[in-house]
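Q: So here's coords_33.pdb, just PDB, C-alpha atoms:
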ATOM      1  CA  MET A  44       2.528   3.201  28.678
ATOM      2  CA  PRO A  45       4.458   0.252  27.165
ATOM      3  CA  ALA A  46       2.372  -2.576  25.816
ATOM      4  CA  LYS A  47       2.222  -5.596  28.084
ATOM      5  CA  THR A  48       3.191  -8.613  26.047
ATOM      6  CA  ASP A  49       4.834 -11.925  26.886
ATOM      7  CA  LYS A  50       7.126 -11.592  23.908
ATOM      8  CA  LYS A  51       8.012  -8.232  22.446
ATOM      9  CA  LYS A  52       7.388  -7.926  18.732
ATOM     10  CA  GLN A  53      10.460  -7.232  16.616
ATOM     11  CA  ILE A  54      10.069  -4.357  14.145
ATOM     12  CA  LEU A  55      12.584  -3.240  11.524
ATOM     13  CA  VAL A  56      12.480   0.366  10.266
ATOM     14  CA  VAL A  57      14.047   0.765   6.817
ATOM     15  CA  ASP A  58      14.481   4.375   5.707
ATOM     16  CA  ASP A  59      17.386   6.524   4.494
ATOM     17  CA  GLU A  60      16.262   9.443   6.704
ATOM     18  CA  HIS A  61      18.323   8.894   9.871
ATOM     19  CA  ASP A  62      16.321  11.329  12.026
ATOM     20  CA  LEU A  63      13.032   9.678  11.066
ATOM     21  CA  CYS A  64      14.441   6.236  11.860
ATOM     22  CA  GLU A  65      15.531   7.361  15.319
ATOM     23  CA  ILE A  66      12.155   8.977  16.036
ATOM     24  CA  LEU A  67      10.269   5.833  15.014
ATOM     25  CA  LYS A  68      12.695   3.604  16.913
ATOM     26  CA  PHE A  69      12.257   5.665  20.096
ATOM     27  CA  ASN A  70       8.461   5.599  19.851
ATOM     28  CA  LEU A  71       8.351   1.890  19.061
ATOM     29  CA  HIS A  72      10.485   1.178  22.124
ATOM     30  CA  SER A  73       8.201   3.399  24.201
ATOM     31  CA  ALA A  74       5.190   1.426  22.944
ATOM     32  CA  GLY A  75       6.748  -1.829  24.142
ATOM     33  CA  TYR A  76       8.220  -3.172  20.903
ATOM     34  CA  LYS A  77      11.750  -4.174  20.008
ATOM     35  CA  ALA A  78      12.986  -2.017  17.145
ATOM     36  CA  GLU A  79      15.998  -1.938  14.860
ATOM     37  CA  VAL A  80      16.827   0.359  11.962
ATOM     38  CA  ALA A  81      18.416  -0.026   8.548
ATOM     39  CA  TYR A  82      19.276   2.992   6.421
ATOM     40  CA  SER A  83      18.968   1.194   3.087
ATOM     41  CA  ALA A  84      17.265  -1.820   1.559
ATOM     42  CA  GLU A  85      20.658  -3.447   1.132
ATOM     43  CA  GLU A  86      21.387  -3.036   4.859
ATOM     44  CA  ALA A  87      17.971  -4.479   5.732
ATOM     45  CA  LEU A  88      18.921  -7.750   4.036
ATOM     46  CA  HIS A  89      21.636  -8.258   6.652
ATOM     47  CA  HIS A  90      19.081  -8.318   9.482
ATOM     48  CA  ASP A  91      17.418 -11.460  10.840
ATOM     49  CA  LEU A  92      14.280 -11.064   8.748
ATOM     50  CA  GLN A  93      12.947 -14.543   9.540
ATOM     51  CA  HIS A  94      12.453 -13.431  13.141
ATOM     52  CA  THR A  95      11.167  -9.958  12.304
ATOM     53  CA  ASP A  96       7.458  -9.469  13.036
ATOM     54  CA  LEU A  97       6.913  -6.324  10.959
ATOM     55  CA  MET A  98       8.838  -4.069   8.584
ATOM     56  CA  LEU A  99       8.284  -0.329   8.165
ATOM     57  CA  LEU A 100       9.692   0.227   4.686
ATOM     58  CA  ASP A 101      10.405   3.458   2.819
ATOM     59  CA  VAL A 102       9.783   3.318  -0.925
ATOM     60  CA  MET A 103      12.205   5.939  -2.287
ATOM     61  CA  MET A 104      15.780   5.187  -1.196
ATOM     62  CA  PRO A 105      19.166   5.380  -2.927
ATOM     63  CA  GLY A 106      20.135   2.068  -4.459
ATOM     64  CA  MET A 107      17.492  -0.625  -4.076
ATOM     65  CA  SER A 108      13.985   0.789  -3.688
ATOM     66  CA  GLY A 109      11.497  -0.350  -1.092
ATOM     67  CA  PHE A 110       9.328  -1.858  -3.826
ATOM     68  CA  THR A 111      12.256  -3.940  -5.095
ATOM     69  CA  LEU A 112      13.114  -5.123  -1.589
ATOM     70  CA  ALA A 113       9.497  -6.105  -0.916
ATOM     71  CA  GLN A 114       9.325  -8.002  -4.190
ATOM     72  CA  GLN A 115      12.503  -9.877  -3.303
ATOM     73  CA  LEU A 116      11.227 -10.755   0.187
ATOM     74  CA  LYS A 117       7.869 -11.988  -1.077
ATOM     75  CA  ARG A 118       9.611 -14.391  -3.450
ATOM     76  CA  GLN A 119      11.418 -16.134  -0.595
ATOM     77  CA  PRO A 120       9.340 -18.699   1.370
ATOM     78  CA  GLU A 121      11.011 -17.781   4.674
ATOM     79  CA  THR A 122      10.031 -14.080   4.362
ATOM     80  CA  ALA A 123       6.962 -14.274   2.105
ATOM     81  CA  GLN A 124       4.562 -13.655   4.987
ATOM     82  CA  LEU A 125       6.569 -10.871   6.669
ATOM     83  CA  PRO A 126       4.070  -7.998   7.203
ATOM     84  CA  ILE A 127       5.160  -4.776   5.470
ATOM     85  CA  ILE A 128       3.925  -1.221   5.951
ATOM     86  CA  PHE A 129       5.206   1.101   3.231
ATOM     87  CA  LEU A 130       6.244   4.629   4.242
ATOM     88  CA  THR A 131       6.370   6.960   1.267
ATOM     89  CA  ALA A 132       6.000  10.507   0.015
ATOM     90  CA  ARG A 133       4.524   9.118  -3.198
ATOM     91  CA  ASP A 134       0.769   9.215  -2.682
ATOM     92  CA  THR A 135      -0.671   8.299  -6.076
ATOM     93  CA  GLU A 136      -3.218   5.561  -6.713
ATOM     94  CA  ARG A 137      -0.756   3.827  -9.021
ATOM     95  CA  ASP A 138       1.936   3.663  -6.341
ATOM     96  CA  THR A 139      -0.546   2.550  -3.695
ATOM     97  CA  LEU A 140      -1.850  -0.253  -5.903
ATOM     98  CA  ARG A 141       1.697  -1.313  -6.706
ATOM     99  CA  GLY A 142       2.477  -1.493  -3.009
ATOM    100  CA  PHE A 143      -0.548  -3.675  -2.297
ATOM    101  CA  SER A 144       0.156  -5.811  -5.378
ATOM    102  CA  LEU A 145       3.554  -6.595  -3.844
ATOM    103  CA  GLY A 146       1.855  -7.879  -0.724
ATOM    104  CA  ALA A 147       1.950  -4.785   1.488
ATOM    105  CA  ASP A 148      -0.246  -4.887   4.585
ATOM    106  CA  ASP A 149      -0.594  -1.105   4.771
ATOM    107  CA  TYR A 150       0.585   2.104   3.102
ATOM    108  CA  VAL A 151       1.285   5.336   5.021
ATOM    109  CA  SER A 152       1.954   8.581   3.144
ATOM    110  CA  LYS A 153       4.549  11.124   4.268
ATOM    111  CA  PRO A 154       4.375  13.460   6.044
ATOM    112  CA  PHE A 155       2.642  11.464   8.754
ATOM    113  CA  SER A 156       2.188  11.701  12.494
ATOM    114  CA  VAL A 157       4.027   9.215  14.673
ATOM    115  CA  LYS A 158       0.696   8.500  16.357
ATOM    116  CA  GLU A 159      -0.747   7.403  13.025
ATOM    117  CA  VAL A 160       2.164   5.056  12.354
ATOM    118  CA  MET A 161       1.853   3.532  15.836
ATOM    119  CA  ALA A 162      -1.857   2.910  15.224
ATOM    120  CA  ARG A 163      -1.124   1.225  11.894
ATOM    121  CA  VAL A 164       1.601  -0.927  13.475
ATOM    122  CA  LYS A 165      -0.762  -2.059  16.217
ATOM    123  CA  ALA A 166      -3.526  -2.851  13.708
ATOM    124  CA  VAL A 167      -1.306  -4.894  11.393
ATOM    125  CA  LEU A 168       0.325  -6.821  14.241
ATOM    126  CA  SER A 169      -3.105  -7.545  15.713
ATOM    127  CA  ARG A 170      -4.401  -8.840  12.382
ATOM    128  CA  THR A 171      -1.341 -10.954  11.661
ATOM    129  CA  ALA A 172      -0.912 -12.354  15.182
ATOM    130  CA  ASP A 173      -0.128 -16.057  15.160
ATOM    131  CA  THR A 174      -2.803 -18.212  16.757
ATOM    132  CA  PRO A 175      -2.134 -21.964  17.131
ATOM    133  CA  PRO A 176      -4.544 -23.791  14.808
ATOM    134  CA  ALA A 177      -5.780 -27.316  15.297
ATOM    135  CA  PRO A 178      -3.654 -29.923  13.474
ATOM    136  CA  SER A 179      -6.657 -30.956  11.399
ATOM    137  CA  GLU A 180      -7.164 -27.496   9.908
ATOM    138  CA  ILE A 181      -6.301 -28.396   6.345
ATOM    139  CA  LEU A 182      -8.463 -27.472   3.371
ATOM    140  CA  THR A 183      -8.214 -29.347   0.099
ATOM    141  CA  TYR A 184      -9.705 -29.330  -3.362
ATOM    142  CA  GLU A 185      -8.202 -32.021  -5.555
ATOM    143  CA  GLY A 186      -4.456 -31.164  -5.649
ATOM    144  CA  LEU A 187      -4.879 -27.761  -3.990
ATOM    145  CA  VAL A 188      -4.009 -27.903  -0.283
ATOM    146  CA  VAL A 189      -4.175 -25.059   2.265
ATOM    147  CA  ASP A 190      -2.471 -25.918   5.563
ATOM    148  CA  PHE A 191      -3.387 -23.537   8.394
ATOM    149  CA  GLY A 192      -0.814 -25.017  10.749
ATOM    150  CA  ALA A 193       2.088 -24.477   8.373
ATOM    151  CA  LYS A 194       0.500 -21.352   6.870
ATOM    152  CA  GLY A 195       1.343 -22.859   3.503
ATOM    153  CA  VAL A 196      -0.174 -23.782   0.164
ATOM    154  CA  THR A 197       0.778 -26.679  -2.087
ATOM    155  CA  ILE A 198      -0.302 -27.178  -5.678
ATOM    156  CA  ASP A 199      -0.210 -30.825  -6.781
ATOM    157  CA  GLY A 200       2.416 -31.537  -4.135
ATOM    158  CA  GLU A 201       4.596 -28.482  -4.834
ATOM    159  CA  ALA A 202       4.860 -25.698  -2.238
ATOM    160  CA  VAL A 203       3.936 -22.230  -3.532
ATOM    161  CA  SER A 204       4.893 -18.986  -1.773
ATOM    162  CA  PHE A 205       1.863 -16.897  -0.749
ATOM    163  CA  THR A 206       1.681 -13.513   0.945
ATOM    164  CA  ARG A 207      -0.425 -13.350   4.080
ATOM    165  CA  THR A 208      -3.224 -11.518   2.251
ATOM    166  CA  GLU A 209      -3.265 -14.046  -0.581
ATOM    167  CA  PHE A 210      -3.298 -16.910   1.914
ATOM    168  CA  GLU A 211      -6.266 -15.437   3.790
ATOM    169  CA  LEU A 212      -8.199 -14.736   0.579
ATOM    170  CA  LEU A 213      -7.715 -18.276  -0.708
ATOM    171  CA  SER A 214      -8.544 -19.770   2.689
ATOM    172  CA  LEU A 215     -11.769 -17.771   2.959
ATOM    173  CA  LEU A 216     -13.003 -18.649  -0.532
ATOM    174  CA  LEU A 217     -11.981 -22.317  -0.307
ATOM    175  CA  SER A 218     -13.627 -22.768   3.087
ATOM    176  CA  HIS A 219     -16.912 -21.357   1.736
ATOM    177  CA  GLN A 220     -17.117 -23.077  -1.640
ATOM    178  CA  GLY A 221     -19.889 -21.704  -3.809
ATOM    179  CA  GLU A 222     -20.545 -18.678  -1.570
ATOM    180  CA  VAL A 223     -20.179 -15.353  -3.369
ATOM    181  CA  PHE A 224     -18.196 -12.637  -1.573
ATOM    182  CA  SER A 225     -18.514  -9.033  -2.674
ATOM    183  CA  ARG A 226     -15.374  -6.883  -2.761
ATOM    184  CA  ASN A 227     -16.599  -4.996   0.298
ATOM    185  CA  LYS A 228     -17.149  -8.241   2.199
ATOM    186  CA  LEU A 229     -13.649  -9.428   1.328
ATOM    187  CA  ILE A 230     -12.202  -6.114   2.476
ATOM    188  CA  GLU A 231     -14.077  -6.378   5.793
ATOM    189  CA  SER A 232     -12.919  -9.968   6.292
ATOM    190  CA  ILE A 233      -9.253  -9.676   5.262
ATOM    191  CA  TRP A 234      -7.988  -6.134   5.763
ATOM    192  CA  PRO A 235      -7.793  -4.112   9.030
ATOM    193  CA  GLN A 236     -10.690  -1.715   9.610
ATOM    194  CA  ASP A 237      -8.472   1.367   9.735
ATOM    195  CA  VAL A 238      -6.781   0.658   6.390
ATOM    196  CA  VAL A 239      -8.236   2.245   3.268
ATOM    197  CA  VAL A 240      -8.569  -0.468   0.626
ATOM    198  CA  THR A 241     -10.323  -0.107  -2.723
ATOM    199  CA  GLY A 242     -12.094  -2.721  -4.791
ATOM    200  CA  ARG A 243      -9.212  -2.457  -7.245
ATOM    201  CA  THR A 244      -6.818  -3.648  -4.529
ATOM    202  CA  VAL A 245      -8.966  -6.755  -4.068
ATOM    203  CA  ASP A 246      -8.875  -7.402  -7.824
ATOM    204  CA  VAL A 247      -5.079  -7.094  -7.884
ATOM    205  CA  ASN A 248      -4.708  -9.646  -5.082
ATOM    206  CA  ILE A 249      -7.190 -12.037  -6.700
ATOM    207  CA  THR A 250      -5.344 -11.810 -10.038
ATOM    208  CA  ARG A 251      -2.004 -12.503  -8.356
ATOM    209  CA  MET A 252      -3.479 -15.433  -6.433
ATOM    210  CA  ARG A 253      -4.978 -16.960  -9.579
ATOM    211  CA  LYS A 254      -1.556 -16.944 -11.234
ATOM    212  CA  LYS A 255      -0.035 -18.778  -8.274
ATOM    213  CA  ILE A 256      -2.588 -21.605  -8.134
ATOM    214  CA  GLY A 257      -2.068 -22.406 -11.822
ATOM    215  CA  PRO A 258      -4.434 -25.177 -12.963
ATOM    216  CA  TYR A 259      -6.921 -24.242 -10.225
ATOM    217  CA  ALA A 260      -7.165 -20.577 -11.269
ATOM    218  CA  LYS A 261     -10.525 -21.306 -12.899
ATOM    219  CA  CYS A 262     -11.878 -22.173  -9.434
ATOM    220  CA  ILE A 263     -11.642 -18.513  -8.371
ATOM    221  CA  ALA A 264     -14.652 -17.417 -10.358
ATOM    222  CA  THR A 265     -16.348 -14.054 -10.775
ATOM    223  CA  ARG A 266     -20.087 -13.516 -10.630
ATOM    224  CA  ILE A 267     -20.470 -10.240 -12.497
ATOM    225  CA  GLY A 268     -22.085  -7.565 -10.380
ATOM    226  CA  TYR A 269     -21.751  -9.592  -7.176
ATOM    227  CA  GLY A 270     -18.200 -10.704  -6.444
ATOM    228  CA  TYR A 271     -15.878 -13.705  -6.208
ATOM    229  CA  TYR A 272     -16.457 -17.327  -5.205
ATOM    230  CA  PHE A 273     -14.733 -20.726  -5.266
ATOM    231  CA  LYS A 274     -16.273 -22.739  -8.085
ATOM    232  CA  THR A 275     -16.222 -26.549  -8.213
ATOM    233  CA  ASP A 276     -19.057 -27.408 -10.603
ATOM    234  CA  PHE A 277     -17.401 -27.493 -14.036
TER
END
Rewrite the structure from the file as structure tokens, please.
A:
Amino acid sequence: MPAKTDKKKQILVVDDEHDLCEILKFNLHSAGYKAEVAYSAEEALHHDLQHTDLMLLDVMMPGMSGFTLAQQLKRQPETAQLPIIFLTARDTERDTLRGFSLGADDYVSKPFSVKEVMARVKAVLSRTADTPPAPSEILTYEGLVVDFGAKGVTIDGEAVSFTRTEFELLSLLLSHQGEVFSRNKLIESIWPQDVVVTGRTVDVNITRMRKKIGPYAKCIATRIGYGYYFKTDF
């Protein structure tokens, strides 16, 4: 039965396998979503990505790879928070970690069941659903500003592009200054329950986030044996 929503979510399937694209497009439509397809990463760039709610992205394609496309999208402020689910036949830990390090929201290995993909789509869209925050929901620490309304981060007045996962990690730690979060607690708080995430994935995201906040990187501290916390007492 099609999902009952006021506004249908727009999903873009990017894969060079035409039959697979058509199957996913049909099932997404049946589930109540809008769906479009692109048969290459280059073709995907011609779509209206700013108004796309989720991308199903194959990794291994002729020309530009899915990893390269994701990296390019995450560097652009207007597409930095576009949720991405990688679809790939490459199921190694190295590839999975690379996908998450690029800001992927999930990673599905081929061959997969359409039912599994639909479940992952629903979970990611549910987690990344926009909820109107109060105008006053702004967190600050000196020149570090996290704006929930704009879903943005500024460092000493300069806007910095964050993925959705990075934004949520920074927001959680900054809003609970001094509180230590174990890797498992961060996984429970940030990632969907049906997504397999390792402690190493958390470390990769923390490392990437530290690089982006520059002079405030020292604030994301590690308590060995326990986890991460936002430190202010230097």
Q: Quick one: everything within 10 Å of segment 200-205 of chain A, counting only C-alpha atoms, minus sequence neighbours fewer than 4 positions away in the same chain. Send it as a count of residues only.
A: 23
Q: Calculated over only C-alpha atoms, which of the candidates A:Ile198, A:Leu88, A:Met98, A:Val189 has the smallest distance to Leu55 of chain A?
A: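 The shortest atom-to-atom distance to Leu55 of chain A comes from A:Met98.
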Q: Quick one: pull the distance between atom CA of Gly268 of chain A and atom CA of Arg170 of chain A, Å, one decimal.
A: 28.9 Å
Q: Selection in question (the file shown): the PyMOL selection byres ((chain A and resi 267) around 12). Which residues does it include, as a PyMOL selection string?
A: chain A and resi 223-226+264-266+268-272
Q: Kindly resolve the PyMOL selection byres ((chain A and resi 262) around 8) on the present coordinates and return the residues as a ChimeraX atom specification.
A: /A:259-261,263-264,272-275
Q: Go ahead and compute the interatomic distance for atom CA of Phe155 of chain A and atom CA of Ile54 of chain A, in Å to one decimal.
A: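 Distance reported for this atom pair: 18.3 Å.
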Q: Can you pull out the residues contacting Cys64 of chain A? Cut-off 9 Å, using only C-alpha atoms, and skip same-chain residues under 4 positions away; I want them as a list in words.
A: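 Non-adjacent residues within range: Val56, Val57, Asp58, Asp59, Glu60, Lys68, Phe69, Glu79, Val80, Ala81 and Tyr82 of chain A.
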Q: Kindly give the distance, in Å, that separates atom CA of Asp149 of chain A and atom CA of Ser83 of chain A, rounded to a single decimal.
A: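 Answer for the atom CA of Asp149 of chain A to atom CA of Ser83 of chain A separation: 19.8 Å.
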Q: In the coordinates of the file, take the point (12.1, 6.7, 3.6) and a cut-off of 12 Å; then, counting only C-alpha atoms, name each qualifying protein, DNA or RNA residue as a PyMOL selection string.
A: chain A and resi 56-64+67+80-84+99-105+107-110+128-133+151-155
Q: Compare A:Ala113, A:Ile181, A:Val240, A:Leu71 by their minimum atom-to-atom distance to Ser218 of chain A, counting all atoms listed in the file, and give me the closest one.
A: A:Ile181
Q: Measuring between only C-alpha atoms, which one of A:Val157, A:Val247, A:Leu145, A:Val164 shows the shortest distance to Lys52 of chain A?
A: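 Using only C-alpha atoms, the shortest distance to Lys52 of chain A belongs to A:Val164.
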Q: Can you work out which one of A:Gly242, A:Pro235, A:Gly106, A:Gly192 has the shortest atom-to-atom distance to Ser169 of chain A, counting all atoms listed in the file?
A: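 Of all the options, A:Pro235 lies closest to Ser169 of chain A.
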Q: Have a look at A:Val238, A:Ile66, A:Ala78, A:Ala87 and name the one nearest to Ala166 of chain A; count all atoms listed in the file.
A: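 Closest candidate: A:Val238.
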Q: Extract segment 61-72 of chain A from the structure I just pasted (atoms: all heavy atoms) and return it as a tab-separated table (two decimals), in the first residue's frame.
A:
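out.tsv written:
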chain	number	residue	atom	x	y	z
A	61	HIS	N	20.43	-0.86	-16.08
A	61	HIS	CA	19.12	-0.32	-16.43
A	61	HIS	C	17.98	-1.12	-15.81
A	61	HIS	O	17.01	-0.53	-15.31
A	61	HIS	CB	18.96	-0.28	-17.96
A	61	HIS	CG	19.79	0.77	-18.61
A	61	HIS	ND1	19.32	1.59	-19.60
A	61	HIS	CD2	21.09	1.17	-18.39
A	61	HIS	CE1	20.27	2.43	-19.99
A	61	HIS	NE2	21.36	2.18	-19.26
A	62	ASP	N	18.07	-2.45	-15.84
A	62	ASP	CA	17.00	-3.28	-15.29
A	62	ASP	C	16.82	-3.04	-13.80
A	62	ASP	O	15.69	-2.94	-13.30
A	62	ASP	CB	17.28	-4.77	-15.55
A	62	ASP	CG	17.15	-5.14	-17.01
A	62	ASP	OD1	16.56	-4.35	-17.78
A	62	ASP	OD2	17.64	-6.22	-17.40
A	63	LEU	N	17.94	-2.92	-13.09
A	63	LEU	CA	17.88	-2.68	-11.64
A	63	LEU	C	17.24	-1.32	-11.35
A	63	LEU	O	16.42	-1.19	-10.44
A	63	LEU	CB	19.28	-2.74	-11.04
A	63	LEU	CG	19.39	-2.48	-9.53
A	63	LEU	CD1	18.55	-3.49	-8.75
A	63	LEU	CD2	20.84	-2.54	-9.08
A	64	CYS	N	17.61	-0.33	-12.14
A	64	CYS	CA	17.02	1.01	-11.97
A	64	CYS	C	15.51	0.97	-12.13
A	64	CYS	O	14.76	1.58	-11.34
A	64	CYS	CB	17.61	1.98	-12.98
A	64	CYS	SG	19.28	2.56	-12.60
A	65	GLU	N	15.04	0.26	-13.15
A	65	GLU	CA	13.60	0.20	-13.41
A	65	GLU	C	12.87	-0.55	-12.29
A	65	GLU	O	11.76	-0.17	-11.91
A	65	GLU	CB	13.34	-0.46	-14.76
A	65	GLU	CG	13.83	0.36	-15.95
A	65	GLU	CD	13.28	1.78	-15.93
A	65	GLU	OE1	12.06	1.96	-15.70
A	65	GLU	OE2	14.07	2.72	-16.13
A	66	ILE	N	13.50	-1.61	-11.78
A	66	ILE	CA	12.89	-2.37	-10.69
A	66	ILE	C	12.76	-1.49	-9.44
A	66	ILE	O	11.71	-1.45	-8.79
A	66	ILE	CB	13.72	-3.63	-10.37
A	66	ILE	CG1	13.60	-4.65	-11.52
A	66	ILE	CG2	13.27	-4.26	-9.05
A	66	ILE	CD1	14.55	-5.82	-11.39
A	67	LEU	N	13.84	-0.78	-9.11
A	67	LEU	CA	13.81	0.08	-7.93
A	67	LEU	C	12.83	1.23	-8.12
A	67	LEU	O	12.09	1.59	-7.20
A	67	LEU	CB	15.21	0.62	-7.64
A	67	LEU	CG	16.23	-0.40	-7.12
A	67	LEU	CD1	17.61	0.23	-7.00
A	67	LEU	CD2	15.78	-0.97	-5.77
A	68	LYS	N	12.81	1.79	-9.32
A	68	LYS	CA	11.89	2.90	-9.60
A	68	LYS	C	10.44	2.44	-9.44
A	68	LYS	O	9.62	3.15	-8.83
A	68	LYS	CB	12.11	3.42	-11.03
A	68	LYS	CG	11.21	4.58	-11.41
A	68	LYS	CD	11.52	5.06	-12.83
A	68	LYS	CE	10.62	6.22	-13.24
A	68	LYS	NZ	10.91	6.68	-14.62
A	69	PHE	N	10.11	1.27	-9.97
A	69	PHE	CA	8.75	0.74	-9.86
A	69	PHE	C	8.36	0.54	-8.40
A	69	PHE	O	7.26	0.92	-7.97
A	69	PHE	CB	8.64	-0.58	-10.61
A	69	PHE	CG	7.33	-1.28	-10.43
A	69	PHE	CD1	6.21	-0.91	-11.16
A	69	PHE	CD2	7.21	-2.32	-9.50
A	69	PHE	CE1	4.99	-1.55	-10.96
A	69	PHE	CE2	6.00	-2.96	-9.30
A	69	PHE	CZ	4.88	-2.57	-10.04
A	70	ASN	N	9.26	-0.05	-7.62
A	70	ASN	CA	8.95	-0.33	-6.22
A	70	ASN	C	8.90	0.94	-5.37
A	70	ASN	O	8.09	1.02	-4.43
A	70	ASN	CB	9.98	-1.32	-5.65
A	70	ASN	CG	9.70	-2.74	-6.06
A	70	ASN	OD1	8.92	-3.45	-5.43
A	70	ASN	ND2	10.32	-3.18	-7.16
A	71	LEU	N	9.71	1.91	-5.70
A	71	LEU	CA	9.65	3.19	-4.99
A	71	LEU	C	8.33	3.89	-5.26
A	71	LEU	O	7.70	4.43	-4.35
A	71	LEU	CB	10.83	4.07	-5.40
A	71	LEU	CG	12.20	3.65	-4.86
A	71	LEU	CD1	13.31	4.39	-5.58
A	71	LEU	CD2	12.30	3.90	-3.35
A	72	HIS	N	7.89	3.87	-6.52
A	72	HIS	CA	6.59	4.45	-6.86
A	72	HIS	C	5.47	3.72	-6.12
A	72	HIS	O	4.55	4.35	-5.59
A	72	HIS	CB	6.36	4.35	-8.37
A	72	HIS	CG	7.06	5.41	-9.15
A	72	HIS	ND1	7.27	5.32	-10.52
A	72	HIS	CD2	7.64	6.58	-8.77
A	72	HIS	CE1	7.91	6.40	-10.93
A	72	HIS	NE2	8.16	7.17	-9.90
